[in-house]
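**Student:** Structure file model_6.csv (CSV, C-alpha atoms (C1' of nucleotides)) right here:
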```csv
chain,number,residue,atom,x,y,z
B,21,MET,CA,11.0,-18.6,-7.5
B,22,ARG,CA,12.9,-16.7,-10.2
B,23,GLU,CA,14.4,-13.4,-9.0
B,24,SER,CA,18.1,-13.1,-8.8
B,25,THR,CA,18.5,-9.6,-7.3
B,26,ALA,CA,19.4,-8.3,-3.9
B,27,LEU,CA,15.7,-8.0,-3.1
B,28,ASP,CA,15.6,-11.7,-2.4
B,29,ARG,CA,17.5,-11.3,0.8
B,30,MET,CA,15.5,-8.3,2.2
B,31,ILE,CA,13.1,-9.5,4.8
B,32,CYS,CA,11.2,-6.2,4.3
B,33,PHE,CA,10.8,-6.8,0.6
B,34,GLN,CA,9.5,-10.3,1.3
B,35,LEU,CA,6.9,-8.8,3.6
B,36,TYR,CA,6.0,-6.1,1.1
B,37,ALA,CA,5.6,-8.6,-1.7
B,38,ALA,CA,3.9,-11.3,0.3
B,39,SER,CA,1.4,-8.8,1.7
B,40,ARG,CA,0.5,-7.6,-1.8
B,41,ALA,CA,0.2,-11.2,-3.1
B,42,MET,CA,-2.1,-12.1,-0.2
B,43,THR,CA,-4.3,-9.1,-0.8
B,44,ALA,CA,-4.5,-10.0,-4.4
B,45,LEU,CA,-5.8,-13.4,-3.4
B,46,TYR,CA,-8.6,-11.7,-1.5
B,47,ARG,CA,-9.5,-9.4,-4.4
B,48,PRO,CA,-11.6,-11.8,-6.5
B,49,HIS,CA,-13.6,-12.8,-3.4
B,50,LEU,CA,-14.3,-9.2,-2.4
B,51,ASP,CA,-14.8,-7.6,-5.8
B,52,PRO,CA,-18.2,-9.1,-6.3
B,53,HIS,CA,-19.4,-7.5,-3.1
B,54,GLY,CA,-17.8,-4.1,-4.0
B,55,LEU,CA,-15.4,-4.2,-1.1
B,56,THR,CA,-11.7,-3.5,-1.1
B,57,TYR,CA,-9.4,-5.3,1.2
B,58,PRO,CA,-9.1,-2.5,3.8
B,59,GLN,CA,-12.8,-2.0,3.7
B,60,TYR,CA,-13.2,-5.7,4.4
B,61,LEU,CA,-10.9,-5.4,7.4
B,62,VAL,CA,-13.1,-2.5,8.8
B,63,MET,CA,-16.2,-4.6,8.3
B,64,ARG,CA,-14.6,-7.5,10.1
B,65,VAL,CA,-14.0,-5.4,13.1
B,66,LEU,CA,-17.6,-4.2,13.0
B,67,TRP,CA,-18.9,-7.8,12.7
B,68,HIS,CA,-16.8,-8.9,15.6
B,69,ASP,CA,-17.1,-5.9,18.0
B,70,GLY,CA,-20.3,-4.2,16.9
B,71,PRO,CA,-20.5,-0.4,17.0
B,72,THR,CA,-17.1,1.1,17.4
B,73,THR,CA,-15.5,4.5,17.5
B,74,ILE,CA,-13.3,5.6,14.6
B,75,ARG,CA,-10.5,5.9,17.2
B,76,ASP,CA,-10.7,2.3,18.1
B,77,LEU,CA,-10.9,1.2,14.4
B,78,GLY,CA,-7.7,3.1,13.9
B,79,ARG,CA,-6.0,1.4,16.8
B,80,ALA,CA,-7.1,-2.0,15.6
B,81,LEU,CA,-6.1,-1.5,12.0
B,82,ARG,CA,-3.3,0.8,12.8
B,83,LEU,CA,-4.6,3.5,10.4
B,84,ASP,CA,-5.1,7.2,11.0
B,85,SER,CA,-8.1,9.3,10.4
B,86,GLY,CA,-6.6,10.5,7.1
B,87,THR,CA,-7.0,7.0,5.8
B,88,LEU,CA,-10.2,6.0,7.6
B,89,SER,CA,-12.3,9.1,7.1
B,90,PRO,CA,-12.7,8.8,3.3
B,91,LEU,CA,-12.8,5.0,3.5
B,92,LEU,CA,-15.7,5.0,6.0
B,93,LYS,CA,-17.4,7.6,3.9
B,94,ARG,CA,-17.3,5.2,1.0
B,95,LEU,CA,-18.6,2.4,3.1
B,96,GLU,CA,-21.4,4.6,4.4
B,97,THR,CA,-22.3,5.6,0.8
B,98,GLN,CA,-22.6,1.9,0.0
B,99,GLY,CA,-25.0,1.5,2.9
B,100,HIS,CA,-22.8,-0.8,5.0
B,101,LEU,CA,-22.5,1.4,8.0
B,102,ARG,CA,-23.8,4.5,9.6
B,103,ARG,CA,-21.8,7.2,11.5
B,104,GLN,CA,-23.1,9.0,14.5
B,105,ARG,CA,-21.4,11.7,16.6
B,106,GLY,CA,-21.1,10.6,20.2
B,107,THR,CA,-23.5,12.2,22.7
B,108,HIS,CA,-21.3,11.9,25.8
B,109,ASP,CA,-18.1,12.9,24.1
B,110,GLU,CA,-18.8,14.9,20.9
B,111,ARG,CA,-15.3,14.5,19.6
B,112,THR,CA,-15.8,10.8,18.9
B,113,VAL,CA,-17.8,9.3,16.1
B,114,TRP,CA,-19.5,5.9,16.4
B,115,ILE,CA,-19.6,3.6,13.5
B,116,HIS,CA,-22.7,1.3,13.4
B,117,PRO,CA,-22.9,-1.6,11.0
B,118,THR,CA,-26.3,-1.5,9.1
B,119,GLU,CA,-28.3,-4.5,8.4
B,120,THR,CA,-26.9,-4.5,4.9
B,121,GLY,CA,-23.4,-4.4,6.3
B,122,THR,CA,-24.1,-7.3,8.7
B,123,ARG,CA,-25.6,-9.4,6.0
B,124,LEU,CA,-22.3,-9.1,4.1
B,125,GLN,CA,-20.7,-11.4,6.7
B,126,THR,CA,-22.8,-14.4,5.8
B,127,ASP,CA,-22.7,-13.4,2.1
B,128,ILE,CA,-18.9,-13.4,2.0
B,129,GLY,CA,-18.5,-16.3,4.3
B,130,ASP,CA,-15.2,-17.5,5.7
B,131,LEU,CA,-12.3,-16.5,3.5
B,132,SER,CA,-9.4,-16.8,5.9
B,133,HIS,CA,-9.4,-20.6,5.8
B,134,ALA,CA,-9.6,-20.9,2.0
B,135,LEU,CA,-6.9,-18.3,1.5
B,136,ALA,CA,-4.6,-19.7,4.2
B,137,CYS,CA,-4.7,-22.9,2.2
B,138,ALA,CA,-3.8,-21.0,-1.0
B,139,THR,CA,-0.4,-20.2,0.5
B,140,GLY,CA,0.5,-23.8,0.4
B,141,LEU,CA,1.8,-23.7,3.9
B,142,THR,CA,1.0,-26.3,6.5
B,143,THR,CA,-1.0,-25.4,9.6
B,144,ASP,CA,2.1,-25.6,11.7
B,145,GLU,CA,4.0,-23.3,9.3
B,146,LEU,CA,1.1,-20.8,9.3
B,147,THR,CA,1.1,-20.7,13.1
B,148,GLN,CA,4.8,-20.2,13.1
B,149,LEU,CA,4.5,-17.4,10.5
B,150,HIS,CA,1.7,-15.8,12.5
B,151,THR,CA,3.8,-15.8,15.7
B,152,LEU,CA,6.9,-14.4,14.0
B,153,LEU,CA,4.9,-11.6,12.3
B,154,HIS,CA,3.1,-10.7,15.5
B,155,ARG,CA,6.4,-10.6,17.4
B,156,ALA,CA,8.2,-8.6,14.8
B,157,ARG,CA,5.3,-6.2,14.7
B,158,GLY,CA,5.2,-5.9,18.4
B,159,THR,CA,8.7,-4.4,18.4
B,160,ALA,CA,8.4,-2.4,15.2
B,161,ASP,CA,5.0,-1.0,15.8
B,162,THR,CA,5.7,1.3,18.7
B,163,PRO,CA,6.0,4.6,16.7
B,164,ARG,CA,2.2,5.1,16.2
B,165,GLU,CA,0.9,4.5,19.7
B,166,GLY,CA,2.3,3.7,23.1
B,167,GLN,CA,-0.2,2.2,25.6
B,168,PRO,CA,0.2,4.2,28.8
S,2,MET,CA,0.2,-6.4,21.8
S,3,ARG,CA,-3.1,-4.9,22.6
S,4,GLU,CA,-5.7,-5.7,20.0
S,5,SER,CA,-8.7,-7.9,20.9
S,6,THR,CA,-10.5,-8.2,17.5
S,7,ALA,CA,-10.7,-11.0,15.0
S,8,LEU,CA,-7.9,-9.3,13.0
S,9,ASP,CA,-5.4,-10.9,15.4
S,10,ARG,CA,-6.1,-14.3,13.9
S,11,MET,CA,-5.8,-13.2,10.2
S,12,ILE,CA,-2.5,-14.1,8.8
S,13,CYS,CA,-3.2,-11.7,6.0
S,14,PHE,CA,-3.7,-8.8,8.4
S,15,GLN,CA,-0.5,-9.7,10.2
S,16,LEU,CA,1.3,-9.5,6.9
S,17,TYR,CA,-0.4,-6.2,6.0
S,18,ALA,CA,0.4,-4.6,9.3
S,19,ALA,CA,3.9,-6.0,9.6
S,20,SER,CA,4.7,-4.8,6.1
S,21,ARG,CA,3.6,-1.3,6.8
S,22,ALA,CA,5.4,-1.3,10.2
S,23,MET,CA,8.6,-2.3,8.5
S,24,THR,CA,8.3,0.3,5.8
S,25,ALA,CA,7.7,2.9,8.5
S,26,LEU,CA,11.1,1.8,10.0
S,27,TYR,CA,12.8,2.6,6.7
S,28,ARG,CA,11.2,6.0,6.3
S,29,PRO,CA,13.4,8.0,8.7
S,30,HIS,CA,16.5,6.6,7.0
S,31,LEU,CA,15.2,7.3,3.4
S,32,ASP,CA,13.5,10.7,4.0
S,33,PRO,CA,16.8,12.6,4.3
S,34,HIS,CA,17.7,11.3,0.8
S,35,GLY,CA,14.3,12.2,-0.6
S,36,LEU,CA,13.5,8.5,-1.4
S,37,THR,CA,10.4,6.6,-0.7
S,38,TYR,CA,10.5,2.9,0.1
S,39,PRO,CA,9.5,1.7,-3.4
S,40,GLN,CA,12.0,4.1,-4.9
S,41,TYR,CA,14.6,2.7,-2.7
S,42,LEU,CA,13.8,-0.8,-3.9
S,43,VAL,CA,14.2,0.3,-7.5
S,44,MET,CA,17.6,1.8,-6.7
S,45,ARG,CA,18.7,-1.4,-5.0
S,46,VAL,CA,18.0,-3.3,-8.2
S,47,LEU,CA,19.9,-0.8,-10.2
S,48,TRP,CA,22.8,-0.9,-7.7
S,49,HIS,CA,22.9,-4.7,-7.9
S,50,ASP,CA,22.2,-5.3,-11.5
S,51,GLY,CA,23.2,-2.2,-13.3
S,52,PRO,CA,21.2,-0.9,-16.3
S,53,THR,CA,17.9,-2.8,-16.4
S,54,THR,CA,14.7,-2.7,-18.5
S,55,ILE,CA,11.5,-1.5,-17.0
S,56,ARG,CA,10.1,-4.9,-17.8
S,57,ASP,CA,12.7,-6.6,-15.6
S,58,LEU,CA,12.2,-4.1,-12.8
S,59,GLY,CA,8.6,-4.9,-12.9
S,60,ARG,CA,9.3,-8.6,-12.7
S,61,ALA,CA,11.7,-8.2,-9.8
S,62,LEU,CA,9.5,-5.9,-7.8
S,63,ARG,CA,6.3,-7.4,-9.0
S,64,LEU,CA,4.9,-4.0,-10.1
S,65,ASP,CA,3.3,-3.1,-13.4
S,66,SER,CA,4.1,-0.2,-15.7
S,67,GLY,CA,1.2,1.7,-14.2
S,68,THR,CA,3.1,2.0,-10.9
S,69,LEU,CA,6.6,2.1,-12.3
S,70,SER,CA,6.2,4.6,-15.1
S,71,PRO,CA,5.4,7.6,-12.8
S,72,LEU,CA,7.8,6.3,-10.1
S,73,LEU,CA,10.7,6.2,-12.5
S,74,LYS,CA,9.8,9.6,-13.9
S,75,ARG,CA,10.2,11.0,-10.4
S,76,LEU,CA,13.5,9.3,-9.8
S,77,GLU,CA,14.7,10.7,-13.2
S,78,THR,CA,13.6,14.2,-12.2
S,79,GLN,CA,15.7,13.8,-9.0
S,80,GLY,CA,18.7,12.8,-11.2
S,81,HIS,CA,19.1,9.3,-9.9
S,82,LEU,CA,18.5,7.6,-13.2
S,83,ARG,CA,18.3,8.1,-16.9
S,84,ARG,CA,15.8,6.3,-19.3
S,85,GLN,CA,16.8,5.3,-22.8
S,86,ARG,CA,14.6,3.7,-25.4
S,87,GLY,CA,16.2,0.4,-26.5
S,88,THR,CA,17.9,0.4,-30.0
S,89,HIS,CA,17.5,-3.3,-30.8
S,90,ASP,CA,13.9,-3.5,-29.5
S,91,GLU,CA,12.3,-0.2,-29.4
S,92,ARG,CA,9.5,-1.4,-27.2
S,93,THR,CA,11.8,-1.7,-24.2
S,94,VAL,CA,13.2,1.2,-22.1
S,95,TRP,CA,16.5,0.8,-20.4
S,96,ILE,CA,17.0,2.4,-17.0
S,97,HIS,CA,20.6,3.5,-16.2
S,98,PRO,CA,21.6,4.6,-12.8
S,99,THR,CA,23.4,8.0,-12.9
S,100,GLU,CA,26.5,8.9,-10.9
S,101,THR,CA,24.2,10.6,-8.4
S,102,GLY,CA,22.1,7.6,-8.2
S,103,THR,CA,25.1,5.3,-7.6
S,104,ARG,CA,26.5,7.6,-4.9
S,105,LEU,CA,23.2,7.1,-3.0
S,106,GLN,CA,24.2,3.5,-2.3
S,107,THR,CA,27.2,4.5,-0.2
S,108,ASP,CA,25.4,7.6,1.3
S,109,ILE,CA,22.6,5.5,2.6
S,110,GLY,CA,24.7,2.5,3.6
S,111,ASP,CA,23.4,-0.8,4.8
S,112,LEU,CA,20.0,-0.5,6.3
S,113,SER,CA,18.8,-4.1,6.2
S,114,HIS,CA,21.0,-5.2,9.1
S,115,ALA,CA,20.0,-2.3,11.4
S,116,LEU,CA,16.4,-2.8,10.6
S,117,ALA,CA,16.4,-6.5,10.9
S,118,CYS,CA,17.6,-5.9,14.4
S,119,ALA,CA,14.8,-3.5,15.0
S,120,THR,CA,12.3,-6.3,14.7
S,121,GLY,CA,13.7,-7.9,17.8
S,122,LEU,CA,13.8,-11.3,16.2
S,123,THR,CA,16.9,-13.5,16.4
S,124,THR,CA,18.9,-14.4,13.3
S,125,ASP,CA,17.4,-17.8,13.3
S,126,GLU,CA,13.9,-16.4,13.5
S,127,LEU,CA,14.6,-14.0,10.7
S,128,THR,CA,15.8,-16.8,8.5
S,129,GLN,CA,12.7,-18.8,9.4
S,130,LEU,CA,10.4,-15.8,8.7
S,131,HIS,CA,12.2,-15.2,5.4
S,132,THR,CA,11.8,-18.8,4.3
S,133,LEU,CA,8.1,-18.9,5.2
S,134,LEU,CA,7.4,-15.6,3.4
S,135,HIS,CA,9.2,-16.8,0.3
S,136,ARG,CA,7.4,-20.1,0.2
S,137,ALA,CA,4.0,-18.5,0.9
S,138,ARG,CA,4.7,-16.0,-1.9
S,139,GLY,CA,5.8,-18.7,-4.3
S,140,THR,CA,2.4,-20.3,-4.2
S,141,ALA,CA,0.3,-17.1,-3.9
S,142,ASP,CA,2.3,-15.1,-6.5
S,143,THR,CA,1.3,-16.9,-9.7
S,144,PRO,CA,-1.4,-14.5,-11.0
S,145,ARG,CA,0.9,-11.9,-12.3
S,146,GLU,CA,3.4,-13.9,-14.3
S,147,GLY,CA,3.9,-17.6,-15.1
S,148,GLN,CA,7.4,-18.7,-16.1
S,149,PRO,CA,6.9,-20.7,-19.3
M,21,DC,C1',5.2,-10.4,-47.6
M,22,DC,C1',1.1,-9.5,-44.7
M,23,DC,C1',-1.7,-9.6,-41.0
M,24,DA,C1',-3.1,-11.0,-36.5
M,25,DA,C1',-1.8,-12.0,-32.0
M,26,DT,C1',1.7,-10.6,-28.5
M,27,DC,C1',4.6,-7.6,-26.0
M,28,DT,C1',6.1,-3.1,-24.0
M,29,DA,C1',5.5,1.3,-21.9
M,30,DG,C1',2.5,4.8,-20.9
M,31,DT,C1',-2.1,7.1,-19.5
M,32,DT,C1',-6.3,7.5,-16.8
M,33,DG,C1',-9.2,6.8,-12.8
M,34,DT,C1',-10.0,4.9,-8.1
M,35,DG,C1',-8.6,3.9,-3.6
M,36,DC,C1',-5.5,3.4,-0.1
M,37,DA,C1',-1.4,5.3,3.3
M,38,DC,C1',0.7,8.9,5.5
M,39,DA,C1',2.4,13.6,6.7
M,40,DA,C1',0.9,18.0,8.0
M,41,DC,C1',-2.5,20.7,9.3
M,42,DT,C1',-7.3,22.5,11.0
M,43,DG,C1',-11.1,23.1,14.0
M,44,DA,C1',-14.0,21.5,17.5
M,45,DT,C1',-14.3,19.4,22.0
M,46,DC,C1',-12.8,17.8,26.3
M,47,DG,C1',-10.2,17.6,30.9
M,48,DG,C1',-7.7,19.4,34.4
M,49,DT,C1',-5.5,23.4,37.0
M,50,DG,C1',-5.0,27.8,38.7
U,22,DC,C1',-14.7,30.5,35.8
U,23,DA,C1',-10.9,31.0,32.3
U,24,DC,C1',-7.2,29.0,30.2
U,25,DC,C1',-4.1,25.4,28.3
U,26,DG,C1',-2.7,21.2,26.6
U,27,DA,C1',-4.4,16.9,24.8
U,28,DT,C1',-7.7,14.4,22.0
U,29,DC,C1',-10.5,13.4,18.0
U,30,DA,C1',-12.2,13.6,13.3
U,31,DG,C1',-11.6,15.7,9.1
U,32,DT,C1',-9.0,18.0,5.0
U,33,DT,C1',-5.2,18.6,1.8
U,34,DG,C1',-1.4,17.1,-0.9
U,35,DT,C1',1.9,13.4,-2.4
U,36,DG,C1',3.0,8.9,-3.8
U,37,DC,C1',2.1,4.3,-4.4
U,38,DA,C1',-0.9,0.0,-6.3
U,39,DC,C1',-3.8,-1.8,-9.6
U,40,DA,C1',-7.5,-2.2,-13.2
U,41,DA,C1',-8.5,-0.9,-17.8
U,42,DC,C1',-7.1,1.0,-21.7
U,43,DT,C1',-4.0,3.1,-25.7
U,44,DA,C1',-0.3,3.3,-29.1
U,45,DG,C1',3.5,1.6,-31.1
U,46,DA,C1',6.9,-2.3,-32.0
U,47,DT,C1',7.7,-7.1,-32.8
U,48,DT,C1',6.9,-11.9,-33.9
U,49,DG,C1',5.0,-15.9,-36.1
U,50,DG,C1',2.0,-18.2,-39.3
U,51,DG,C1',-0.1,-18.5,-43.6
```
Spit out the file's structure as structure tokens when you get a sec.

**Tutor:**
Amino acid sequence: MRESTALDRMICFQLYAASRAMTALYRPHLDPHGLTYPQYLVMRVLWHDGPTTIRDLGRALRLDSGTLSPLLKRLETQGHLRRQRGTHDERTVWIHPTETGTRLQTDIGDLSHALACATGLTTDELTQLHTLLHRARGTADTPREGQP
Amino acid sequence: MRESTALDRMICFQLYAASRAMTALYRPHLDPHGLTYPQYLVMRVLWHDGPTTIRDLGRALRLDSGTLSPLLKRLETQGHLRRQRGTHDERTVWIHPTETGTRLQTDIGDLSHALACATGLTTDELTQLHTLLHRARGTADTPREGQP
DNA sequence: CCCAATCTAGTTGTGCACAACTGATCGGTG
DNA sequence: CACCGATCAGTTGTGCACAACTAGATTGGG
């Protein structure tokens, strides 16, 4: 690497830069399908969990309704999902993947493996990195929600 | 942690979430000074390197002029820096920290130590995390600039 | 010298993030 | 039942990120 500033020593800057660099690696794979990276994350949750409430999407992605509402509206416009007000509890809104949205999963295929390789880290190092990030986040994450 | 979705396994999502969580930890320390996190990063470069061109700021932070131009305009409005067109090469613009901007360094103090502790990781783990991020970024980062 | 590529900063447009707020709905308690 | 606090989705406003583009300055080759 080539920087020489104080930024090099900041763990937080490394996170910030690494996160943007990784997202940039996803972009060329997602662009052809008209998806952004956060939209892809939403679709992944839908593929994995099926119909989900906006509340649970927010908890999984750690995003609030201010971010999710317009994002989901765009995905709905593209035909990838359908929103439906809950019948039992009318405050919640259920997000259903459409057939088009479901087909995206096979169309896009498995990116995580290809992109993990793109980092140049070994499997062990990736596991290590994953564990460290997860643990760091566990402590740092509390502000947004505390499980009762 | 509490998630149960496929996101848990994505190294990229862990980066994305950890980065936002860390930034959120900085926010309460920066808000009182009217700084955002990216603005703070710019000021750190200025504190460390003194007057810098926008080009070099972009290289250090890995941000383009589309992001930096308005950001620097806001910092200039706040009186933290001054921009000056280069005399030798009139394409470049030099960014000079003002006295107000320099005073911010002592006013804000050393955040990185306090916030590294907030992650709950040990010193060794932080070093490990730092190294892994730096290495992952080294490979992933190429798109934006290739050193000749 | 001249012109074509390159470099630099800035602008425009789109899409996140997030704070602060609104309005509707729900759940429990008196 | 009526009220009150909590919950949920949505809106508004600000500030990044980044692609695509513009305009001006510079550099190198012929």

**Student:** Calculate how many Å separate CA of Lys74 (chain S) from CA of Pro98 (chain S), rounding to one decimal.

**Tutor:**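 According to the coordinates, CA of Lys74 (chain S) and CA of Pro98 (chain S) are separated by 12.9 Å.
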
**Student:** With 8 Å as the limit and counting all atoms listed in the file, what residues in chain S lie close to chain M? Please list them as a list of chain:residue names.

**Tutor:** S:Arg56, S:Ser66, S:Gly67, S:Ser70, S:Arg92, S:Thr93, S:Val94

**Student:** Give me the residues of chain S that have any atom at most 9 Å from an atom of chain U; for each, the nearest atom pair and the distance in Å, rounded to one decimal. Use all atoms listed in the file, sort by chain and number, and format it as CSV.

**Tutor:**
```
residue,atom,partner,partner_atom,distance
S:Thr37,CA,U:DG36,C1',8.3
S:Pro39,CA,U:DC37,C1',7.9
S:Leu64,CA,U:DA38,C1',8.0
S:Asp65,CA,U:DC39,C1',8.2
S:Gly67,CA,U:DC39,C1',7.6
S:Thr68,CA,U:DA38,C1',6.4
S:Leu72,CA,U:DC37,C1',8.3
S:Asp90,CA,U:DA46,C1',7.5
S:Glu91,CA,U:DA46,C1',6.4
S:Arg92,CA,U:DA46,C1',5.5
```

**Student:** Chain B residues within 9 Å of chain S, counting all atoms listed in the file: which ones, as a PyMOL selection string?

**Tutor:** chain B and resi 21-45+61+64-65+68-69+79-82+132+135-136+138-141+145-150+152-163+167

**Student:** Write to file, as an mmCIF file, in the frame of the given file, the residues of the selection just made, with C-alpha atoms.

**Tutor:**
```cif
data_model
loop_
_atom_site.group_PDB
_atom_site.id
_atom_site.type_symbol
_atom_site.label_atom_id
_atom_site.label_comp_id
_atom_site.auth_asym_id
_atom_site.auth_seq_id
_atom_site.Cartn_x
_atom_site.Cartn_y
_atom_site.Cartn_z
ATOM 1 C CA MET B 21 11.000 -18.600 -7.500
ATOM 2 C CA ARG B 22 12.900 -16.700 -10.200
ATOM 3 C CA GLU B 23 14.400 -13.400 -9.000
ATOM 4 C CA SER B 24 18.100 -13.100 -8.800
ATOM 5 C CA THR B 25 18.500 -9.600 -7.300
ATOM 6 C CA ALA B 26 19.400 -8.300 -3.900
ATOM 7 C CA LEU B 27 15.700 -8.000 -3.100
ATOM 8 C CA ASP B 28 15.600 -11.700 -2.400
ATOM 9 C CA ARG B 29 17.500 -11.300 0.800
ATOM 10 C CA MET B 30 15.500 -8.300 2.200
ATOM 11 C CA ILE B 31 13.100 -9.500 4.800
ATOM 12 C CA CYS B 32 11.200 -6.200 4.300
ATOM 13 C CA PHE B 33 10.800 -6.800 0.600
ATOM 14 C CA GLN B 34 9.500 -10.300 1.300
ATOM 15 C CA LEU B 35 6.900 -8.800 3.600
ATOM 16 C CA TYR B 36 6.000 -6.100 1.100
ATOM 17 C CA ALA B 37 5.600 -8.600 -1.700
ATOM 18 C CA ALA B 38 3.900 -11.300 0.300
ATOM 19 C CA SER B 39 1.400 -8.800 1.700
ATOM 20 C CA ARG B 40 0.500 -7.600 -1.800
ATOM 21 C CA ALA B 41 0.200 -11.200 -3.100
ATOM 22 C CA MET B 42 -2.100 -12.100 -0.200
ATOM 23 C CA THR B 43 -4.300 -9.100 -0.800
ATOM 24 C CA ALA B 44 -4.500 -10.000 -4.400
ATOM 25 C CA LEU B 45 -5.800 -13.400 -3.400
ATOM 26 C CA LEU B 61 -10.900 -5.400 7.400
ATOM 27 C CA ARG B 64 -14.600 -7.500 10.100
ATOM 28 C CA VAL B 65 -14.000 -5.400 13.100
ATOM 29 C CA HIS B 68 -16.800 -8.900 15.600
ATOM 30 C CA ASP B 69 -17.100 -5.900 18.000
ATOM 31 C CA ARG B 79 -6.000 1.400 16.800
ATOM 32 C CA ALA B 80 -7.100 -2.000 15.600
ATOM 33 C CA LEU B 81 -6.100 -1.500 12.000
ATOM 34 C CA ARG B 82 -3.300 0.800 12.800
ATOM 35 C CA SER B 132 -9.400 -16.800 5.900
ATOM 36 C CA LEU B 135 -6.900 -18.300 1.500
ATOM 37 C CA ALA B 136 -4.600 -19.700 4.200
ATOM 38 C CA ALA B 138 -3.800 -21.000 -1.000
ATOM 39 C CA THR B 139 -0.400 -20.200 0.500
ATOM 40 C CA GLY B 140 0.500 -23.800 0.400
ATOM 41 C CA LEU B 141 1.800 -23.700 3.900
ATOM 42 C CA GLU B 145 4.000 -23.300 9.300
ATOM 43 C CA LEU B 146 1.100 -20.800 9.300
ATOM 44 C CA THR B 147 1.100 -20.700 13.100
ATOM 45 C CA GLN B 148 4.800 -20.200 13.100
ATOM 46 C CA LEU B 149 4.500 -17.400 10.500
ATOM 47 C CA HIS B 150 1.700 -15.800 12.500
ATOM 48 C CA LEU B 152 6.900 -14.400 14.000
ATOM 49 C CA LEU B 153 4.900 -11.600 12.300
ATOM 50 C CA HIS B 154 3.100 -10.700 15.500
ATOM 51 C CA ARG B 155 6.400 -10.600 17.400
ATOM 52 C CA ALA B 156 8.200 -8.600 14.800
ATOM 53 C CA ARG B 157 5.300 -6.200 14.700
ATOM 54 C CA GLY B 158 5.200 -5.900 18.400
ATOM 55 C CA THR B 159 8.700 -4.400 18.400
ATOM 56 C CA ALA B 160 8.400 -2.400 15.200
ATOM 57 C CA ASP B 161 5.000 -1.000 15.800
ATOM 58 C CA THR B 162 5.700 1.300 18.700
ATOM 59 C CA PRO B 163 6.000 4.600 16.700
ATOM 60 C CA GLN B 167 -0.200 2.200 25.600
#
```

**Student:** Report, in Å with one decimal, the straight-line distance from CA of His116 (chain B) to CA of Gly54 (chain B).

**Tutor:**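 Atom-to-atom, CA of His116 (chain B) and CA of Gly54 (chain B) are spaced 18.9 Å apart.
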
**Student:** For CA of Gly106 (chain B) and CA of Met63 (chain B), quote the distance in Å rounded to one decimal.

**Tutor:**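 Interatomic distance, CA of Gly106 (chain B) to CA of Met63 (chain B): 19.9 Å.
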
**Student:** Which is closest to Thr122 (chain B) among B:Leu92, B:Leu50, B:Ala134, B:Leu101, if we use all atoms listed in the file?

**Tutor:**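 Checking each of B:Leu92, B:Leu50, B:Ala134, B:Leu101 against Thr122 (chain B), counting all atoms listed in the file, the winner is B:Leu101.
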
**Student:** Please write out, as lines of an AutoDock Vina configuration file, where the centre of an axis-aligned box around all listed atoms of region 37-47 of chain U lies and how long its edges are, in Å to one decimal, after adding 6 Å on each side.

**Tutor:**
```
center_x = -0.4
center_y = -1.4
center_z = -18.6
size_x = 28.2
size_y = 23.4
size_z = 40.4
```

**Student:** Smallest atom-to-atom distance to Leu124 (chain B): which of B:Pro90, B:Pro71, B:Gly99, B:Pro48, using only C-alpha atoms?

**Tutor:**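 For Leu124 (chain B), the nearest of the given residues is B:Gly99.
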
**Student:** Could you complete region 98-105 of chain B so that it carries N, CA, C and O atoms, and give it back as a PDB file, in the frame of the given file?

**Tutor:**
```pdb
ATOM      1  N   GLN B  98     -22.157   3.175   0.440  1.00  0.00           N
ATOM      2  CA  GLN B  98     -22.600   1.900   0.000  1.00  0.00           C
ATOM      3  C   GLN B  98     -23.693   1.279   0.904  1.00  0.00           C
ATOM      4  O   GLN B  98     -24.226   0.206   0.620  1.00  0.00           O
ATOM      5  N   GLY B  99     -23.937   1.949   2.044  1.00  0.00           N
ATOM      6  CA  GLY B  99     -25.000   1.500   2.900  1.00  0.00           C
ATOM      7  C   GLY B  99     -24.562   0.427   3.920  1.00  0.00           C
ATOM      8  O   GLY B  99     -25.405  -0.188   4.566  1.00  0.00           O
ATOM      9  N   HIS B 100     -23.249   0.221   4.078  1.00  0.00           N
ATOM     10  CA  HIS B 100     -22.800  -0.800   5.000  1.00  0.00           C
ATOM     11  C   HIS B 100     -22.667  -0.384   6.412  1.00  0.00           C
ATOM     12  O   HIS B 100     -22.548  -1.204   7.318  1.00  0.00           O
ATOM     13  N   LEU B 101     -22.608   0.910   6.617  1.00  0.00           N
ATOM     14  CA  LEU B 101     -22.500   1.400   8.000  1.00  0.00           C
ATOM     15  C   LEU B 101     -23.101   2.802   8.087  1.00  0.00           C
ATOM     16  O   LEU B 101     -23.428   3.437   7.098  1.00  0.00           O
ATOM     17  N   ARG B 102     -23.226   3.230   9.327  1.00  0.00           N
ATOM     18  CA  ARG B 102     -23.800   4.500   9.600  1.00  0.00           C
ATOM     19  C   ARG B 102     -22.912   5.183  10.664  1.00  0.00           C
ATOM     20  O   ARG B 102     -22.392   4.517  11.549  1.00  0.00           O
ATOM     21  N   ARG B 103     -22.669   6.481  10.489  1.00  0.00           N
ATOM     22  CA  ARG B 103     -21.800   7.200  11.500  1.00  0.00           C
ATOM     23  C   ARG B 103     -22.658   8.084  12.329  1.00  0.00           C
ATOM     24  O   ARG B 103     -23.621   8.691  11.864  1.00  0.00           O
ATOM     25  N   GLN B 104     -22.311   8.144  13.600  1.00  0.00           N
ATOM     26  CA  GLN B 104     -23.100   9.000  14.500  1.00  0.00           C
ATOM     27  C   GLN B 104     -22.168   9.610  15.531  1.00  0.00           C
ATOM     28  O   GLN B 104     -21.414   8.934  16.235  1.00  0.00           O
ATOM     29  N   ARG B 105     -22.252  10.912  15.608  1.00  0.00           N
ATOM     30  CA  ARG B 105     -21.400  11.700  16.600  1.00  0.00           C
ATOM     31  C   ARG B 105     -21.794  11.249  17.974  1.00  0.00           C
ATOM     32  O   ARG B 105     -22.979  11.096  18.311  1.00  0.00           O
TER      33      ARG B 105
END
```
